[in-house]
$ cat upload_28.cif   # mmCIF, C-alpha atoms
data_protein
loop_
_atom_site.label_atom_id
_atom_site.label_comp_id
_atom_site.auth_asym_id
_atom_site.auth_seq_id
_atom_site.Cartn_x
_atom_site.Cartn_y
_atom_site.Cartn_z
CA MET A 1 7.04 11.57 -11.43
CA TRP A 2 6.10 11.18 -15.05
CA CYS A 3 2.64 11.36 -16.51
CA ASP A 4 0.59 8.45 -17.74
CA VAL A 5 -0.24 8.01 -21.43
CA GLN A 6 -3.72 7.46 -22.74
CA PRO A 7 -4.78 5.82 -26.01
CA LEU A 8 -4.21 8.04 -29.02
CA HIS A 9 -7.85 8.74 -29.87
CA THR A 10 -8.94 10.47 -26.68
CA THR A 11 -11.58 13.10 -26.31
CA PRO A 12 -12.62 15.14 -23.32
CA PRO A 13 -15.51 13.74 -21.34
CA ALA A 14 -18.92 15.04 -22.17
CA PRO A 15 -20.20 17.89 -20.04
CA GLY A 16 -21.83 16.60 -16.93
CA SER A 17 -20.57 13.06 -17.42
CA SER A 18 -19.42 11.28 -14.32
CA THR A 19 -15.82 10.35 -13.75
CA PRO A 20 -14.86 6.91 -12.41
CA LEU A 21 -12.33 8.51 -10.07
CA LYS A 22 -13.26 9.84 -6.64
CA LYS A 23 -13.00 13.62 -6.30
CA ALA A 24 -11.11 13.81 -3.02
CA LEU A 25 -8.32 16.36 -3.52
CA THR A 26 -8.78 19.81 -2.01
CA THR A 27 -6.63 22.81 -2.94
CA SER A 28 -4.31 22.24 0.02
CA LEU A 29 -3.89 18.53 -0.69
CA LEU A 30 -3.19 19.24 -4.35
CA TYR A 31 -0.67 21.91 -3.32
CA PHE A 32 1.31 19.41 -1.22
CA PHE A 33 1.05 16.78 -3.95
CA ILE A 34 2.66 19.13 -6.49
CA LEU A 35 5.18 20.47 -3.98
CA GLY A 36 6.27 16.93 -3.16
CA ASP A 37 6.80 16.23 -6.85
CA VAL A 38 8.83 19.39 -7.48
CA LEU A 39 10.94 19.46 -4.31
CA GLY A 40 13.19 16.57 -5.15
CA ALA A 41 16.71 15.28 -5.24
CA GLY A 42 18.03 17.30 -8.18
CA VAL A 43 19.21 20.24 -6.11
CA TYR A 44 21.23 17.93 -3.84
CA VAL A 45 23.52 16.92 -6.71
CA LEU A 46 23.27 19.79 -9.21
CA VAL A 47 24.08 22.95 -7.24
CA GLY A 48 27.78 22.53 -7.95
CA GLN A 49 27.15 21.93 -11.65
CA VAL A 50 24.97 25.04 -11.82
CA ALA A 51 27.78 27.04 -10.18
CA ALA A 52 30.21 25.69 -12.77
CA GLU A 53 27.98 26.99 -15.56
CA SER A 54 26.96 30.35 -14.09
CA GLY A 55 29.40 31.35 -11.34
CA GLY A 56 28.89 31.91 -7.63
CA ALA A 57 25.45 33.49 -7.95
CA VAL A 58 23.74 30.09 -7.91
CA TRP A 59 20.44 31.60 -6.86
CA ALA A 60 20.11 33.57 -10.12
CA PRO A 61 19.78 30.66 -12.61
CA LEU A 62 17.46 28.95 -10.13
CA LEU A 63 15.13 31.96 -10.21
CA VAL A 64 15.38 32.22 -14.01
CA ALA A 65 14.47 28.54 -14.27
CA LEU A 66 11.49 29.18 -11.97
CA CYS A 67 10.22 32.03 -14.16
CA LEU A 68 10.54 29.92 -17.30
CA ALA A 69 8.80 26.99 -15.62
CA LEU A 70 5.93 29.28 -14.57
CA LEU A 71 5.28 30.15 -18.23
CA THR A 72 4.68 26.52 -19.18
CA ALA A 73 2.84 25.93 -15.90
CA ALA A 74 0.32 28.59 -16.93
CA SER A 75 -0.33 26.68 -20.16
CA TYR A 76 -0.84 23.50 -18.19
CA ALA A 77 -3.23 25.35 -15.86
CA GLU A 78 -5.44 26.35 -18.78
CA LEU A 79 -5.37 22.95 -20.46
CA VAL A 80 -6.02 21.05 -17.22
CA THR A 81 -9.01 23.19 -16.28
CA LYS A 82 -10.30 23.08 -19.85
CA TYR A 83 -9.86 19.31 -20.18
CA PRO A 84 -9.89 18.04 -16.56
CA ARG A 85 -8.82 14.48 -17.17
CA ALA A 86 -5.66 12.40 -17.00
CA GLY A 87 -3.42 12.15 -20.03
CA GLY A 88 -1.13 15.15 -19.85
CA ALA A 89 1.04 16.37 -22.69
CA SER A 90 0.31 13.34 -24.85
CA HIS A 91 -3.43 13.98 -24.65
CA TYR A 92 -3.14 17.70 -25.44
CA ALA A 93 -0.75 17.14 -28.36
CA THR A 94 -3.06 14.46 -29.74
CA LEU A 95 -6.06 16.80 -29.59
CA ALA A 96 -4.12 19.61 -31.25
CA TYR A 97 -1.93 17.81 -33.77
CA GLY A 98 -3.00 14.19 -34.08
CA PRO A 99 -1.55 10.83 -32.98
CA PHE A 100 2.01 11.25 -34.25
CA LEU A 101 2.95 14.23 -32.09
CA GLY A 102 0.75 12.90 -29.31
CA PHE A 103 2.82 9.73 -29.24
CA LEU A 104 6.08 11.69 -29.48
CA ALA A 105 5.12 13.75 -26.43
CA GLY A 106 4.38 10.60 -24.43
CA PHE A 107 7.56 8.91 -25.62
CA CYS A 108 9.67 11.93 -24.61
CA MET A 109 8.11 11.82 -21.15
CA LEU A 110 9.01 8.13 -20.88
CA ALA A 111 12.56 8.76 -22.08
CA ALA A 112 12.93 11.68 -19.69
CA GLY A 113 11.96 9.42 -16.80
CA VAL A 114 14.57 6.85 -17.75
CA VAL A 115 17.24 9.55 -18.09
CA SER A 116 16.28 11.10 -14.75
CA VAL A 117 16.77 7.79 -12.94
CA ALA A 118 20.16 7.45 -14.64
CA ALA A 119 21.22 10.92 -13.48
CA LEU A 120 20.23 10.22 -9.88
CA ALA A 121 21.88 6.79 -9.94
CA ARG A 122 25.08 8.43 -11.14
CA GLY A 123 24.81 11.05 -8.39
CA SER A 124 24.38 8.39 -5.71
CA GLY A 125 28.01 7.32 -6.02
CA GLY A 126 29.60 10.69 -5.25
CA ASP A 127 30.78 12.51 -2.14
CA TYR A 128 27.64 11.77 -0.14
CA LEU A 129 28.28 8.03 -0.29
CA ALA A 130 32.01 8.58 0.23
CA GLU A 131 31.28 9.68 3.79
CA PHE A 132 30.55 6.03 4.52
CA ILE A 133 32.33 3.94 1.93
CA THR A 134 34.34 4.36 -1.26
CA LEU A 135 33.33 2.12 -4.15
CA PRO A 136 33.70 2.26 -7.94
CA VAL A 137 30.93 4.25 -9.60
CA VAL A 138 30.02 1.26 -11.76
CA VAL A 139 29.43 -0.95 -8.72
CA VAL A 140 27.40 1.70 -6.89
CA THR A 141 25.26 2.38 -9.95
CA ILE A 142 24.48 -1.31 -10.53
CA VAL A 143 23.62 -1.95 -6.87
CA PHE A 144 21.58 1.27 -6.61
CA LEU A 145 19.44 0.57 -9.68
CA SER A 146 19.02 -3.10 -8.83
CA ALA A 147 17.76 -2.27 -5.33
CA LEU A 148 15.31 0.30 -6.68
CA ALA A 149 14.03 -2.12 -9.32
CA LEU A 150 13.42 -4.78 -6.66
CA LEU A 151 11.53 -2.34 -4.43
CA ASN A 152 9.54 -1.16 -7.44
CA ALA A 153 8.69 -4.75 -8.36
CA ARG A 154 7.71 -5.58 -4.79
CA GLY A 155 4.68 -3.31 -5.02
CA ILE A 156 3.35 0.22 -5.32
CA ARG A 157 2.11 0.25 -1.72
CA GLU A 158 5.53 -0.43 -0.26
CA SER A 159 7.13 2.08 -2.63
CA THR A 160 4.72 4.92 -1.82
CA ARG A 161 5.00 4.30 1.91
CA ALA A 162 8.75 4.67 1.62
CA ASN A 163 8.20 7.86 -0.39
CA VAL A 164 6.19 9.57 2.37
CA VAL A 165 8.99 9.14 4.90
CA ALA A 166 11.70 10.03 2.39
CA THR A 167 9.94 13.22 1.26
CA VAL A 168 9.84 14.55 4.83
CA ILE A 169 13.53 13.73 5.24
CA GLU A 170 14.66 15.38 1.99
CA VAL A 171 12.70 18.59 2.60
CA GLY A 172 14.13 18.70 6.12
CA GLY A 173 17.61 18.45 4.63
CA LEU A 174 17.04 21.49 2.39
CA LEU A 175 15.69 23.52 5.31
CA LEU A 176 18.75 22.49 7.33
CA VAL A 177 21.07 23.81 4.59
CA ILE A 178 19.20 27.14 4.57
CA GLY A 179 19.48 27.39 8.35
CA LEU A 180 23.20 26.56 8.33
CA GLY A 181 23.80 29.16 5.61
CA ALA A 182 22.12 31.81 7.76
CA TRP A 183 24.25 30.74 10.73
CA ILE A 184 27.44 31.08 8.69
CA VAL A 185 26.45 34.62 7.68
CA LEU A 186 25.50 35.63 11.24
CA ARG A 187 28.82 34.48 12.65
CA GLY A 188 30.65 36.47 9.98
CA ASP A 189 32.16 33.65 7.94
CA GLY A 190 30.07 34.03 4.80
CA ASP A 191 31.20 35.79 1.63
CA MET A 192 28.24 37.86 0.43
CA GLY A 193 30.22 39.04 -2.59
CA ARG A 194 29.76 35.68 -4.29
CA LEU A 195 26.02 36.37 -4.54
CA THR A 196 26.72 38.80 -7.40
CA ASP A 197 29.43 36.72 -9.08
CA LEU A 198 27.77 35.87 -12.39
CA GLY A 199 29.77 34.65 -15.36
CA THR A 200 32.70 32.33 -16.05
CA GLU A 201 36.02 32.45 -17.87
CA HIS A 202 34.32 31.31 -21.07
CA GLU A 203 30.93 33.06 -20.90
CA GLY A 204 29.62 36.47 -19.98
CA PRO A 205 26.89 37.04 -17.36
CA VAL A 206 23.87 36.59 -19.66
CA ALA A 207 25.16 33.47 -21.44
CA ALA A 208 26.32 31.95 -18.15
CA LEU A 209 22.96 32.70 -16.56
CA LEU A 210 21.11 30.84 -19.33
CA SER A 211 23.54 27.90 -19.28
CA GLY A 212 23.03 27.57 -15.54
CA ALA A 213 19.26 27.85 -15.99
CA VAL A 214 19.27 24.77 -18.26
CA LEU A 215 20.58 22.63 -15.39
CA ALA A 216 18.51 24.48 -12.78
CA TYR A 217 15.39 23.73 -14.83
CA TYR A 218 15.86 20.08 -13.86
CA SER A 219 15.07 20.99 -10.25
CA PHE A 220 11.58 22.23 -11.18
CA VAL A 221 10.38 19.33 -13.30
CA GLY A 222 7.60 17.30 -11.78
CA PHE A 223 4.81 19.88 -11.80
CA GLU A 224 3.60 18.54 -15.15
CA THR A 225 2.67 15.18 -13.61
CA SER A 226 -0.07 16.79 -11.53
CA VAL A 227 -2.36 16.80 -14.60
CA ASN A 228 -3.06 13.16 -13.83
CA VAL A 229 -4.97 13.97 -10.64
CA ALA A 230 -7.20 16.63 -12.20
CA GLU A 231 -10.09 14.16 -12.35
CA GLU A 232 -9.68 13.55 -8.62
CA THR A 233 -9.74 17.24 -7.65
CA ARG A 234 -12.99 18.59 -6.25
CA ASP A 235 -12.94 21.89 -8.13
CA PRO A 236 -10.04 21.81 -10.62
CA ARG A 237 -11.01 25.15 -12.20
CA ARG A 238 -10.26 26.96 -8.92
CA SER A 239 -7.96 24.55 -7.11
CA TYR A 240 -5.48 23.58 -9.80
CA PRO A 241 -4.08 27.03 -10.74
CA ARG A 242 -3.79 28.05 -7.08
CA ALA A 243 -2.10 24.83 -6.03
CA LEU A 244 0.19 24.75 -9.07
CA PHE A 245 1.48 28.30 -8.86
CA GLY A 246 1.66 28.18 -5.06
CA ALA A 247 3.73 25.01 -5.08
CA LEU A 248 6.12 26.28 -7.76
CA LEU A 249 6.65 29.58 -5.94
CA THR A 250 7.28 27.74 -2.68
CA ALA A 251 9.78 25.41 -4.34
CA GLY A 252 11.43 28.39 -6.05
CA ALA A 253 11.85 30.19 -2.73
CA VAL A 254 13.38 27.11 -1.10
CA TYR A 255 15.75 26.52 -4.01
CA ALA A 256 16.82 30.16 -4.19
CA LEU A 257 17.60 30.17 -0.45
CA VAL A 258 19.55 26.93 -0.84
CA GLY A 259 21.49 28.59 -3.66
CA VAL A 260 22.21 31.62 -1.49
CA ALA A 261 23.36 29.41 1.40
CA ALA A 262 25.69 27.42 -0.86
CA ALA A 263 27.13 30.56 -2.46
CA VAL A 264 27.92 32.44 0.74
CA ALA A 265 29.23 29.39 2.59
CA VAL A 266 31.47 27.68 0.04
CA PRO A 267 33.98 29.11 -2.46
CA THR A 268 32.72 28.65 -6.00
CA GLY A 269 35.68 26.53 -7.09
CA LYS A 270 35.19 24.12 -4.20
CA LEU A 271 31.45 23.98 -4.87
CA THR A 272 31.91 23.08 -8.53
CA GLU A 273 34.43 20.31 -7.77
CA SER A 274 32.16 18.54 -5.29
CA SER A 275 29.67 15.85 -6.27
CA GLY A 276 27.98 16.49 -2.90
CA PRO A 277 27.81 20.31 -2.97
CA LEU A 278 25.39 20.78 -0.08
CA LEU A 279 27.62 18.62 2.10
CA GLU A 280 30.25 21.36 1.77
CA VAL A 281 27.82 23.80 3.41
CA VAL A 282 27.39 21.41 6.34
CA ARG A 283 31.13 20.98 6.72
CA THR A 284 31.70 24.75 6.67
CA ALA A 285 29.00 25.41 9.25
CA GLY A 286 30.00 22.66 11.65
CA GLY A 287 27.75 21.36 14.40
CA VAL A 288 26.02 18.80 12.19
CA PRO A 289 27.76 15.47 11.53
CA PRO A 290 28.55 15.23 7.80
CA GLU A 291 27.52 11.58 7.95
CA LEU A 292 24.02 12.56 9.06
CA PHE A 293 23.52 15.00 6.21
CA SER A 294 25.04 12.57 3.72
CA ALA A 295 22.46 10.01 4.82
CA ILE A 296 19.70 12.58 4.27
CA ALA A 297 21.03 13.38 0.80
CA LEU A 298 21.25 9.71 -0.15
CA VAL A 299 17.65 9.20 0.97
CA ALA A 300 16.62 12.16 -1.19
CA VAL A 301 18.46 10.82 -4.23
CA ALA A 302 17.07 7.31 -3.76
CA ASN A 303 13.53 8.62 -3.26
CA GLY A 304 13.66 10.73 -6.39
CA ALA A 305 14.93 7.81 -8.41
CA LEU A 306 12.32 5.47 -6.92
CA LEU A 307 9.39 7.74 -7.76
CA THR A 308 10.64 8.35 -11.27
CA GLY A 309 11.31 4.66 -11.77
CA ILE A 310 7.77 3.81 -10.71
CA MET A 311 6.25 6.32 -13.09
CA SER A 312 8.45 5.48 -16.07
CA SER A 313 7.86 1.74 -15.71
CA ARG A 314 4.09 2.26 -15.45
CA LEU A 315 4.19 4.58 -18.43
CA ALA A 316 6.04 1.97 -20.47
CA TYR A 317 3.50 -0.64 -19.36
CA GLY A 318 0.57 1.61 -20.29
CA MET A 319 1.98 2.43 -23.72
CA ALA A 320 2.63 -1.26 -24.38
CA ARG A 321 -0.89 -2.13 -23.28
CA ASP A 322 -2.21 0.40 -25.80
CA GLY A 323 -0.10 -1.19 -28.54
CA LEU A 324 2.35 1.70 -28.73
CA LEU A 325 5.38 -0.24 -27.42
CA PRO A 326 6.34 -3.95 -27.64
CA HIS A 327 3.78 -6.23 -26.00
CA PHE A 328 6.30 -8.02 -23.74
CA LEU A 329 6.36 -4.89 -21.56
CA THR A 330 2.84 -5.76 -20.34
CA LYS A 331 3.94 -8.86 -18.39
CA VAL A 332 3.27 -8.67 -14.64
CA LEU A 333 4.37 -10.72 -11.64
CA PRO A 334 1.62 -13.25 -10.77
CA GLY A 335 1.55 -12.47 -7.05
CA ARG A 336 2.64 -8.85 -6.84
CA ARG A 337 0.85 -7.74 -10.02
CA THR A 338 3.68 -5.33 -10.85
CA PRO A 339 4.93 -4.82 -14.44
CA TRP A 340 8.24 -6.62 -14.01
CA THR A 341 9.32 -6.56 -17.66
CA ALA A 342 8.71 -2.80 -17.89
CA ILE A 343 10.60 -2.30 -14.62
CA ALA A 344 13.51 -4.45 -15.80
CA THR A 345 13.67 -2.76 -19.21
CA THR A 346 13.52 0.83 -17.96
CA SER A 347 16.05 0.02 -15.21
CA ALA A 348 18.44 -1.55 -17.75
CA LEU A 349 18.18 1.52 -19.99
CA SER A 350 18.86 3.78 -17.01
CA LEU A 351 21.91 1.69 -16.15
CA LEU A 352 23.23 1.99 -19.70
CA LEU A 353 22.80 5.76 -19.65
CA ALA A 354 24.30 6.13 -16.16
CA LEU A 355 27.44 4.27 -17.23
CA THR A 356 27.91 6.40 -20.36
CA GLY A 357 27.26 9.94 -19.11
CA GLY A 358 27.92 12.25 -16.18
CA VAL A 359 25.28 13.84 -13.96
CA SER A 360 25.27 17.20 -15.74
CA THR A 361 25.08 15.58 -19.20
CA LEU A 362 22.20 13.36 -18.16
CA ALA A 363 20.36 16.25 -16.49
CA SER A 364 20.74 18.37 -19.61
CA THR A 365 19.46 15.47 -21.75
CA LEU A 366 16.39 15.21 -19.55
CA VAL A 367 15.80 18.96 -19.84
CA LEU A 368 16.11 18.75 -23.64
CA LEU A 369 13.46 16.02 -23.82
CA LEU A 370 11.13 17.97 -21.56
CA LEU A 371 11.66 21.13 -23.61
CA VAL A 372 10.26 19.21 -26.59
CA VAL A 373 7.26 18.21 -24.49
CA PHE A 374 6.73 21.70 -23.09
CA PHE A 375 7.03 23.26 -26.55
CA LEU A 376 4.27 20.94 -27.74
CA VAL A 377 2.12 21.82 -24.72
CA ASN A 378 2.49 25.58 -25.21
CA THR A 379 1.78 25.43 -28.93
CA SER A 380 -1.07 22.94 -28.40
CA LEU A 381 -2.73 25.49 -26.16
CA LEU A 382 -2.62 28.06 -28.96
CA VAL A 383 -4.09 25.57 -31.44
CA LEU A 384 -6.82 24.48 -29.02
CA ARG A 385 -7.93 28.05 -28.33
CA ARG A 386 -10.42 27.60 -31.18
CA ASP A 387 -11.95 24.62 -29.35
CA THR A 388 -14.64 25.83 -26.96
CA VAL A 389 -15.97 23.96 -23.92
CA PRO A 390 -19.12 24.73 -21.94
CA GLN A 391 -17.50 24.98 -18.51
CA ASP A 392 -15.58 27.98 -17.25
CA HIS A 393 -11.83 27.48 -16.99
CA PHE A 394 -8.57 29.26 -16.25
CA ARG A 395 -7.30 31.27 -19.21
CA ALA A 396 -3.74 32.47 -19.55
CA PRO A 397 -3.01 35.62 -21.56
CA THR A 398 -2.12 34.64 -25.14
CA LEU A 399 1.37 36.06 -24.69
CA ILE A 400 2.13 33.48 -21.97
CA PRO A 401 2.08 30.30 -24.14
CA VAL A 402 3.95 32.22 -26.85
CA LEU A 403 6.66 33.14 -24.35
CA GLY A 404 6.56 29.61 -22.97
CA ALA A 405 7.24 28.13 -26.41
CA LEU A 406 9.99 30.68 -27.07
CA SER A 407 11.58 29.94 -23.69
CA CYS A 408 11.84 26.27 -24.68
CA VAL A 409 13.62 27.27 -27.88
CA LEU A 410 15.90 29.66 -25.97
CA LEU A 411 16.94 27.03 -23.42
CA ALA A 412 17.46 24.46 -26.17
CA THR A 413 20.05 26.75 -27.79
CA ARG A 414 22.10 26.63 -24.57
CA ILE A 415 22.35 22.83 -24.55
CA GLU A 416 25.72 21.41 -25.54
CA GLN A 417 26.36 19.49 -28.76
CA ASP A 418 26.99 16.08 -27.15
CA VAL A 419 23.69 16.37 -25.28
CA TRP A 420 21.92 17.21 -28.54
CA LEU A 421 23.38 14.09 -30.15
CA ARG A 422 21.92 11.94 -27.36
CA GLY A 423 18.62 13.78 -27.51
CA LEU A 424 18.30 13.55 -31.29
CA LEU A 425 18.92 9.81 -31.14
CA VAL A 426 16.06 9.43 -28.65
CA LEU A 427 13.80 11.68 -30.74
CA ALA A 428 14.60 9.65 -33.87
CA VAL A 429 13.54 6.45 -32.11
CA GLY A 430 10.40 8.18 -30.85
CA ALA A 431 9.59 9.53 -34.31
CA GLY A 432 9.95 6.08 -35.86
CA LEU A 433 7.66 4.50 -33.29
CA GLY A 434 5.30 7.45 -33.60
CA ILE A 435 4.91 6.91 -37.34
CA ILE A 436 4.05 3.28 -36.69
CA ALA A 437 1.54 4.28 -34.01
CA ALA A 438 -0.05 6.88 -36.24
CA VAL A 439 -0.38 4.41 -39.12
CA ARG A 440 -1.96 1.83 -36.84
CA SER A 441 -4.45 4.37 -35.56
CA ARG A 442 -5.15 5.53 -39.13
CA GLY A 443 -4.83 9.10 -37.99
CA PRO A 444 -3.12 12.01 -39.71
CA PHE A 445 0.50 12.67 -38.96
#
$ encode --input "upload_28.cif" --output "structure tokens"
Amino acid sequence: MWCDVQPLHTTPPAPGSSTPLKKALTTSLLYFFILGDVLGAGVYVLVGQVAAESGGAVWAPLLVALCLALLTAASYAELVTKYPRAGGASHYATLAYGPFLGFLAGFCMLAAGVVSVAALARGSGGDYLAEFITLPVVVVTIVFLSALALLNARGIRESTRANVVATVIEVGGLLLVIGLGAWIVLRGDGDMGRLTDLGTEHEGPVAALLSGAVLAYYSFVGFETSVNVAEETRDPRRSYPRALFGALLTAGAVYALVGVAAAVAVPTGKLTESSGPLLEVVRTAGGVPPELFSAIALVAVANGALLTGIMSSRLAYGMARDGLLPHFLTKVLPGRRTPWTAIATTSALSLLLALTGGVSTLASTLVLLLLVVFFLVNTSLLVLRRDTVPQDHFRAPTLIPVLGALSCVLLATRIEQDVWLRGLLVLAVGAGLGIIAAVRSRGPF
């Protein structure tokens, strides 16, 4: 689910120039593409962690995270319709600031992909799997990541076919949770009072809301990857903003209803202790075999990790091909033509992270890396306002990118110290490689 990186010296195509990609995406197709990217596995494993940070009102940080994501989405909408080509945050940061920050944005996206796979791998060994078998987390994580790497290496066609089926299953699972939550309320077993329970023993309502929003933000990532299909959209100026905002609002509504269902159905303490929080809703409602829902959740987790693993390995391959990462990452399997060294390397890094951090820590690390990227996107938009293009494009009010950048800073202040230490280490590596890339390209820092 992570964007591709282009060479550092990229410029928008000349007006009227043809694109090598077929313009086949309509507004509705683009809407479902973005929705499929956003509606993912994060909510299956993070609802309990969000409740631990914010209290029983799980829906509230989910809605706050949606509002904050919409700010950055508006910046993406302007940049995509102004420069309708693949490249994403790395391309925009390069145009605005030069190759150093352009590389850093791309590197953070790559690192975020690796961390995301680690978080999902860690989540695969919890209560959902325990419905079938109990194994050490280390064993589950190794087997899970190895299986995904092998499927990834087998080929993109097989992987994307599996994704279509898995996406239908995981969305069906979320709708099932919403329906079961409504049933619990109708039969009189739900506790509506938990919907207003905001705050914890250590934090007041506002602080708890923001802490929960940091984790909830993880559930909305994915919309930024849609910039890569702008060149394949028939009328990106009209279609992209509509599809983007429509998909985010749809995902927000689904997530908020899932949060409501979890809150009314399950006591907050029980929700926070579970590594399969939505399974607790199913158990409370009855009527649906827990094993069936656990299977759905495991499919969702595996699908999210597979998609992210595909994108992060291809991103590593692309950066290596452009001379931005070590050349050995460009090796491909002779028959399958898949980047096996990039797949093996990104999978090994995900394994290392999964074995050294919990789900909430890894999710917060991912959010921190994306906040760096989103800050660069929002500020790049302000810098690029002085760059004019002949075609008409979506334009966000100037206050929106300002608020988007400030929201990134605000969320970053709510991230815990140990997460910052991990994040700063990644940023230091990225900065070092970025300096090398900038020197090689003979561009300004």
$ closest_atom_pairs --input "upload_28.cif" --of "stretch 49-164 of chain A" --to "stretch 198-215 of chain A" --cutoff "6 Å" --atoms "only C-alpha atoms" --output "Markdown table"
| residue | atom | partner | partner_atom | distance |
| --- | --- | --- | --- | --- |
| A:Val50 | CA | A:Gly212 | CA | 4.9 |
| A:Glu53 | CA | A:Gly212 | CA | 5.0 |
| A:Ser54 | CA | A:Ala208 | CA | 4.4 |
| A:Gly55 | CA | A:Leu198 | CA | 4.9 |
| A:Ala57 | CA | A:Leu198 | CA | 5.5 |
| A:Pro61 | CA | A:Ala213 | CA | 4.4 |
| A:Ala65 | CA | A:Ala213 | CA | 5.1 |
$ closest_residue --input "upload_28.cif" --among "A:Ala153, A:Leu135, A:Val45, A:Ala119" --to "A:Leu279" --atoms "only C-alpha atoms"
A:Val45
$ resolve_selection --input "upload_28.cif" --expression "the PyMOL selection byres ((chain A and resi 144) around 10)" --output "number ranges by chain"
A: 120-122, 124-125, 138-143, 145-149, 302, 305, 351
$ write_last_selection --input "upload_28.cif" --atoms "C-alpha atoms" --output "PDB file, in the coordinates of the input"
ATOM      1  CA  LEU A 120      20.230  10.220  -9.880  1.00  0.00           C
ATOM      2  CA  ALA A 121      21.880   6.790  -9.940  1.00  0.00           C
ATOM      3  CA  ARG A 122      25.080   8.430 -11.140  1.00  0.00           C
ATOM      4  CA  SER A 124      24.380   8.390  -5.710  1.00  0.00           C
ATOM      5  CA  GLY A 125      28.010   7.320  -6.020  1.00  0.00           C
ATOM      6  CA  VAL A 138      30.020   1.260 -11.760  1.00  0.00           C
ATOM      7  CA  VAL A 139      29.430  -0.950  -8.720  1.00  0.00           C
ATOM      8  CA  VAL A 140      27.400   1.700  -6.890  1.00  0.00           C
ATOM      9  CA  THR A 141      25.260   2.380  -9.950  1.00  0.00           C
ATOM     10  CA  ILE A 142      24.480  -1.310 -10.530  1.00  0.00           C
ATOM     11  CA  VAL A 143      23.620  -1.950  -6.870  1.00  0.00           C
ATOM     12  CA  LEU A 145      19.440   0.570  -9.680  1.00  0.00           C
ATOM     13  CA  SER A 146      19.020  -3.100  -8.830  1.00  0.00           C
ATOM     14  CA  ALA A 147      17.760  -2.270  -5.330  1.00  0.00           C
ATOM     15  CA  LEU A 148      15.310   0.300  -6.680  1.00  0.00           C
ATOM     16  CA  ALA A 149      14.030  -2.120  -9.320  1.00  0.00           C
ATOM     17  CA  ALA A 302      17.070   7.310  -3.760  1.00  0.00           C
ATOM     18  CA  ALA A 305      14.930   7.810  -8.410  1.00  0.00           C
ATOM     19  CA  LEU A 351      21.910   1.690 -16.150  1.00  0.00           C
TER      20      LEU A 351
END
$ resolve_selection --input "upload_28.cif" --expression "the PyMOL selection byres ((chain A and resi 251) around 10)" --output "count of residues only"
22
$ atom_distance --input "upload_28.cif" --atom1 "atom CA of A:Ala295" --atom2 "atom CA of A:Glu224"
28.8 Å
$ residues_around --input "upload_28.cif" --residues "A:Tyr128" --least-positions-apart "4" --cutoff "7 Å" --atoms "all atoms listed in the file" --output "PDB file with C-alpha atoms, in the frame of the given file"
ATOM      1  CA  GLY A 276      27.980  16.490  -2.900  1.00  0.00           C
ATOM      2  CA  SER A 294      25.040  12.570   3.720  1.00  0.00           C
ATOM      3  CA  ALA A 297      21.030  13.380   0.800  1.00  0.00           C
ATOM      4  CA  LEU A 298      21.250   9.710  -0.150  1.00  0.00           C
TER       5      LEU A 298
END
$ residues_around --input "upload_28.cif" --residues "stretch 167-180 of chain A" --least-positions-apart "2" --cutoff "10 Å" --atoms "only C-alpha atoms" --output "number ranges by chain"
A: 36-37, 39-41, 43-44, 162-165, 182-186, 254-262, 265, 278-288, 292-301, 303-304
$ write_last_selection --input "upload_28.cif" --atoms "C-alpha atoms" --output "short mmCIF file (atom, residue, chain, number, x, y, z; two decimals), in the coordinates of the input"
data_model
loop_
_atom_site.label_atom_id
_atom_site.label_comp_id
_atom_site.auth_asym_id
_atom_site.auth_seq_id
_atom_site.Cartn_x
_atom_site.Cartn_y
_atom_site.Cartn_z
CA GLY A 36 6.27 16.93 -3.16
CA ASP A 37 6.80 16.23 -6.85
CA LEU A 39 10.94 19.46 -4.31
CA GLY A 40 13.19 16.57 -5.15
CA ALA A 41 16.71 15.28 -5.24
CA VAL A 43 19.21 20.24 -6.11
CA TYR A 44 21.23 17.93 -3.84
CA ALA A 162 8.75 4.67 1.62
CA ASN A 163 8.20 7.86 -0.39
CA VAL A 164 6.19 9.57 2.37
CA VAL A 165 8.99 9.14 4.90
CA ALA A 182 22.12 31.81 7.76
CA TRP A 183 24.25 30.74 10.73
CA ILE A 184 27.44 31.08 8.69
CA VAL A 185 26.45 34.62 7.68
CA LEU A 186 25.50 35.63 11.24
CA VAL A 254 13.38 27.11 -1.10
CA TYR A 255 15.75 26.52 -4.01
CA ALA A 256 16.82 30.16 -4.19
CA LEU A 257 17.60 30.17 -0.45
CA VAL A 258 19.55 26.93 -0.84
CA GLY A 259 21.49 28.59 -3.66
CA VAL A 260 22.21 31.62 -1.49
CA ALA A 261 23.36 29.41 1.40
CA ALA A 262 25.69 27.42 -0.86
CA ALA A 265 29.23 29.39 2.59
CA LEU A 278 25.39 20.78 -0.08
CA LEU A 279 27.62 18.62 2.10
CA GLU A 280 30.25 21.36 1.77
CA VAL A 281 27.82 23.80 3.41
CA VAL A 282 27.39 21.41 6.34
CA ARG A 283 31.13 20.98 6.72
CA THR A 284 31.70 24.75 6.67
CA ALA A 285 29.00 25.41 9.25
CA GLY A 286 30.00 22.66 11.65
CA GLY A 287 27.75 21.36 14.40
CA VAL A 288 26.02 18.80 12.19
CA LEU A 292 24.02 12.56 9.06
CA PHE A 293 23.52 15.00 6.21
CA SER A 294 25.04 12.57 3.72
CA ALA A 295 22.46 10.01 4.82
CA ILE A 296 19.70 12.58 4.27
CA ALA A 297 21.03 13.38 0.80
CA LEU A 298 21.25 9.71 -0.15
CA VAL A 299 17.65 9.20 0.97
CA ALA A 300 16.62 12.16 -1.19
CA VAL A 301 18.46 10.82 -4.23
CA ASN A 303 13.53 8.62 -3.26
CA GLY A 304 13.66 10.73 -6.39
#
